[in-house]
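model.csv, holding CSV, C-alpha atoms:
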```csv
chain,number,residue,atom,x,y,z
A,25,MET,CA,0.0,0.0,0.0
A,26,MET,CA,1.4,3.4,-0.9
A,27,GLY,CA,0.3,5.8,1.7
A,28,GLY,CA,-3.1,5.9,3.3
A,29,LEU,CA,-4.9,5.7,6.6
A,30,ILE,CA,-5.8,2.4,8.2
A,31,TYR,CA,-7.8,2.0,11.4
A,32,MET,CA,-7.2,-1.2,13.2
A,33,VAL,CA,-9.1,-2.2,16.3
A,34,LEU,CA,-8.3,-5.5,17.9
A,35,PRO,CA,-10.1,-6.2,21.2
A,36,ASN,CA,-7.8,-9.0,22.2
A,37,PRO,CA,-4.5,-9.0,20.2
A,38,ASP,CA,-2.4,-12.1,20.4
A,39,PRO,CA,0.8,-10.9,22.2
A,40,SER,CA,2.9,-13.6,20.4
A,41,LEU,CA,2.1,-12.0,17.0
A,42,PRO,CA,3.5,-8.7,15.8
A,43,ALA,CA,1.3,-5.8,14.8
A,44,PHE,CA,3.0,-5.7,11.4
A,45,SER,CA,5.0,-8.3,9.5
A,46,VAL,CA,6.8,-7.8,6.2
A,47,ILE,CA,8.9,-10.0,4.0
A,48,ASP,CA,11.3,-8.6,1.5
A,49,SER,CA,9.6,-5.2,1.4
A,50,THR,CA,9.6,-2.0,3.5
A,51,ILE,CA,7.1,-0.4,5.8
A,52,ASN,CA,6.8,3.1,7.2
A,53,ALA,CA,4.0,3.6,9.7
A,54,THR,CA,2.9,6.2,12.3
A,55,PHE,CA,0.3,5.1,14.8
A,56,ALA,CA,-0.9,5.3,18.4
A,57,GLU,CA,-1.6,2.3,20.5
A,58,GLU,CA,-4.3,2.4,23.1
A,59,ALA,CA,-4.2,-0.5,25.6
A,60,PHE,CA,-6.0,-0.7,28.9
A,61,ALA,CA,-4.6,-4.0,30.1
A,62,ASP,CA,-1.0,-5.3,29.9
A,63,ASP,CA,-2.2,-8.6,28.4
A,64,ARG,CA,-3.9,-6.8,25.4
A,65,VAL,CA,-0.8,-5.4,23.7
A,66,PHE,CA,1.6,-6.5,21.1
A,67,ALA,CA,5.1,-7.6,22.3
A,68,PHE,CA,6.5,-6.6,19.0
A,69,TYR,CA,5.3,-3.9,16.6
A,70,LEU,CA,7.3,-5.2,13.6
A,71,VAL,CA,8.9,-8.4,12.4
A,72,ALA,CA,10.6,-7.9,9.1
A,73,SER,CA,12.6,-10.3,7.0
A,74,ASP,CA,14.9,-9.1,4.2
A,75,ARG,CA,16.7,-11.7,2.2
A,76,GLY,CA,16.5,-14.1,5.1
A,77,LYS,CA,17.8,-11.6,7.7
A,78,ARG,CA,15.2,-11.0,10.5
A,79,HIS,CA,14.7,-7.8,12.3
A,80,THR,CA,12.3,-7.0,15.1
A,81,VAL,CA,11.0,-3.8,16.7
A,82,ALA,CA,9.7,-4.3,20.3
A,83,ARG,CA,7.0,-2.1,21.8
A,84,GLY,CA,9.5,-1.2,24.6
A,85,ALA,CA,11.5,0.8,22.0
A,86,PHE,CA,8.8,3.5,22.3
A,87,PRO,CA,7.6,5.7,25.2
A,88,MET,CA,4.4,5.0,27.1
A,89,ARG,CA,1.4,7.3,26.7
A,90,GLU,CA,0.3,8.9,29.9
A,91,ASP,CA,-3.4,8.9,29.0
A,92,ALA,CA,-3.9,5.5,27.4
A,93,GLY,CA,-3.1,2.8,30.0
A,94,SER,CA,-0.3,0.8,28.5
A,95,GLY,CA,-0.5,2.4,25.1
A,96,ARG,CA,2.3,4.0,23.2
A,97,ILE,CA,2.8,6.6,20.5
A,98,ILE,CA,4.9,5.4,17.5
A,99,PRO,CA,6.0,8.4,15.5
A,100,LEU,CA,7.8,6.3,12.9
A,101,LEU,CA,8.0,2.5,12.6
A,102,SER,CA,10.3,1.6,9.7
A,103,ASN,CA,12.5,-1.2,8.4
A,104,ASP,CA,13.9,1.1,5.7
A,105,VAL,CA,17.7,0.8,6.2
A,106,SER,CA,18.2,4.3,4.7
A,107,ASP,CA,15.8,5.7,7.4
A,108,THR,CA,18.0,6.4,10.4
A,109,SER,CA,15.1,7.6,12.6
A,110,ALA,CA,13.7,4.1,13.0
A,111,LYS,CA,14.2,2.4,16.3
A,112,GLU,CA,15.2,-1.2,16.1
A,113,SER,CA,15.7,-3.9,18.8
A,114,LYS,CA,17.3,-7.3,18.5
```
Take the structure in the file and give it back as structure tokens.
Amino acid sequence: MMGGLIYMVLPNPDPSLPAFSVIDSTINATFAEEAFADDRVFAFYLVASDRGKRHTVARGAFPMREDAGSGRIIPLLSNDVSDTSAKESK
């Protein structure tokens, strides 16, 4: 998808699955997470595979929102290697 706005509401996300998963492609996303229980959050926002090399971005890489329980603001989630503002965890 080239640009656009997506609303995603998951009442009970599976913490073992990432919010986004990409294989041999790039993603750039900005979003806000609203979570009112610790067991209703994603452990990883992104799992990306590029030519067999796996990268993950954990939710702990972003600050918590003060007004949204366990939610977080994600100003940029990217696996674009030329984008130096992306936060990546191992």
(request) Go ahead and compute the interatomic distance for CA of Met88 (chain A) and CA of Ile51 (chain A), in Å to one decimal. (result) 22.1 Å
Please list as a PDB file with C-alpha atoms, keeping the file's coordinate frame every residue within 9 Å of region 71-83 of chain A, counting only C-alpha atoms and excluding residues in the same chain fewer than 2 positions away.
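Just written: result04.pdb:
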```
ATOM      1  CA  LEU A  41       2.100 -12.000  17.000  1.00  0.00           C
ATOM      2  CA  PRO A  42       3.500  -8.700  15.800  1.00  0.00           C
ATOM      3  CA  ALA A  43       1.300  -5.800  14.800  1.00  0.00           C
ATOM      4  CA  PHE A  44       3.000  -5.700  11.400  1.00  0.00           C
ATOM      5  CA  SER A  45       5.000  -8.300   9.500  1.00  0.00           C
ATOM      6  CA  VAL A  46       6.800  -7.800   6.200  1.00  0.00           C
ATOM      7  CA  ILE A  47       8.900 -10.000   4.000  1.00  0.00           C
ATOM      8  CA  ASP A  48      11.300  -8.600   1.500  1.00  0.00           C
ATOM      9  CA  SER A  49       9.600  -5.200   1.400  1.00  0.00           C
ATOM     10  CA  THR A  50       9.600  -2.000   3.500  1.00  0.00           C
ATOM     11  CA  ILE A  51       7.100  -0.400   5.800  1.00  0.00           C
ATOM     12  CA  VAL A  65      -0.800  -5.400  23.700  1.00  0.00           C
ATOM     13  CA  PHE A  66       1.600  -6.500  21.100  1.00  0.00           C
ATOM     14  CA  ALA A  67       5.100  -7.600  22.300  1.00  0.00           C
ATOM     15  CA  PHE A  68       6.500  -6.600  19.000  1.00  0.00           C
ATOM     16  CA  TYR A  69       5.300  -3.900  16.600  1.00  0.00           C
ATOM     17  CA  ALA A  85      11.500   0.800  22.000  1.00  0.00           C
ATOM     18  CA  PHE A  86       8.800   3.500  22.300  1.00  0.00           C
ATOM     19  CA  PRO A  87       7.600   5.700  25.200  1.00  0.00           C
ATOM     20  CA  ARG A  96       2.300   4.000  23.200  1.00  0.00           C
ATOM     21  CA  ILE A  98       4.900   5.400  17.500  1.00  0.00           C
ATOM     22  CA  LEU A 101       8.000   2.500  12.600  1.00  0.00           C
ATOM     23  CA  SER A 102      10.300   1.600   9.700  1.00  0.00           C
ATOM     24  CA  ASN A 103      12.500  -1.200   8.400  1.00  0.00           C
ATOM     25  CA  LYS A 111      14.200   2.400  16.300  1.00  0.00           C
ATOM     26  CA  GLU A 112      15.200  -1.200  16.100  1.00  0.00           C
ATOM     27  CA  SER A 113      15.700  -3.900  18.800  1.00  0.00           C
ATOM     28  CA  LYS A 114      17.300  -7.300  18.500  1.00  0.00           C
TER      29      LYS A 114
END
```
(message) Please compute the CA of Glu90 (chain A)-CA of Asn52 (chain A) distance, one decimal, in Å.
(response) 24.3 Å
(message) Could you tell me how far CA of Asp104 (chain A) sits from CA of Asp38 (chain A), in Å to one decimal place?
(response) 25.6 Å
(message) Measuring between all atoms listed in the file, which one of A:Ile97, A:Gly84, A:Leu70, A:Ser40 shows the shortest distance to Glu58 (chain A)?
(response) A:Ile97
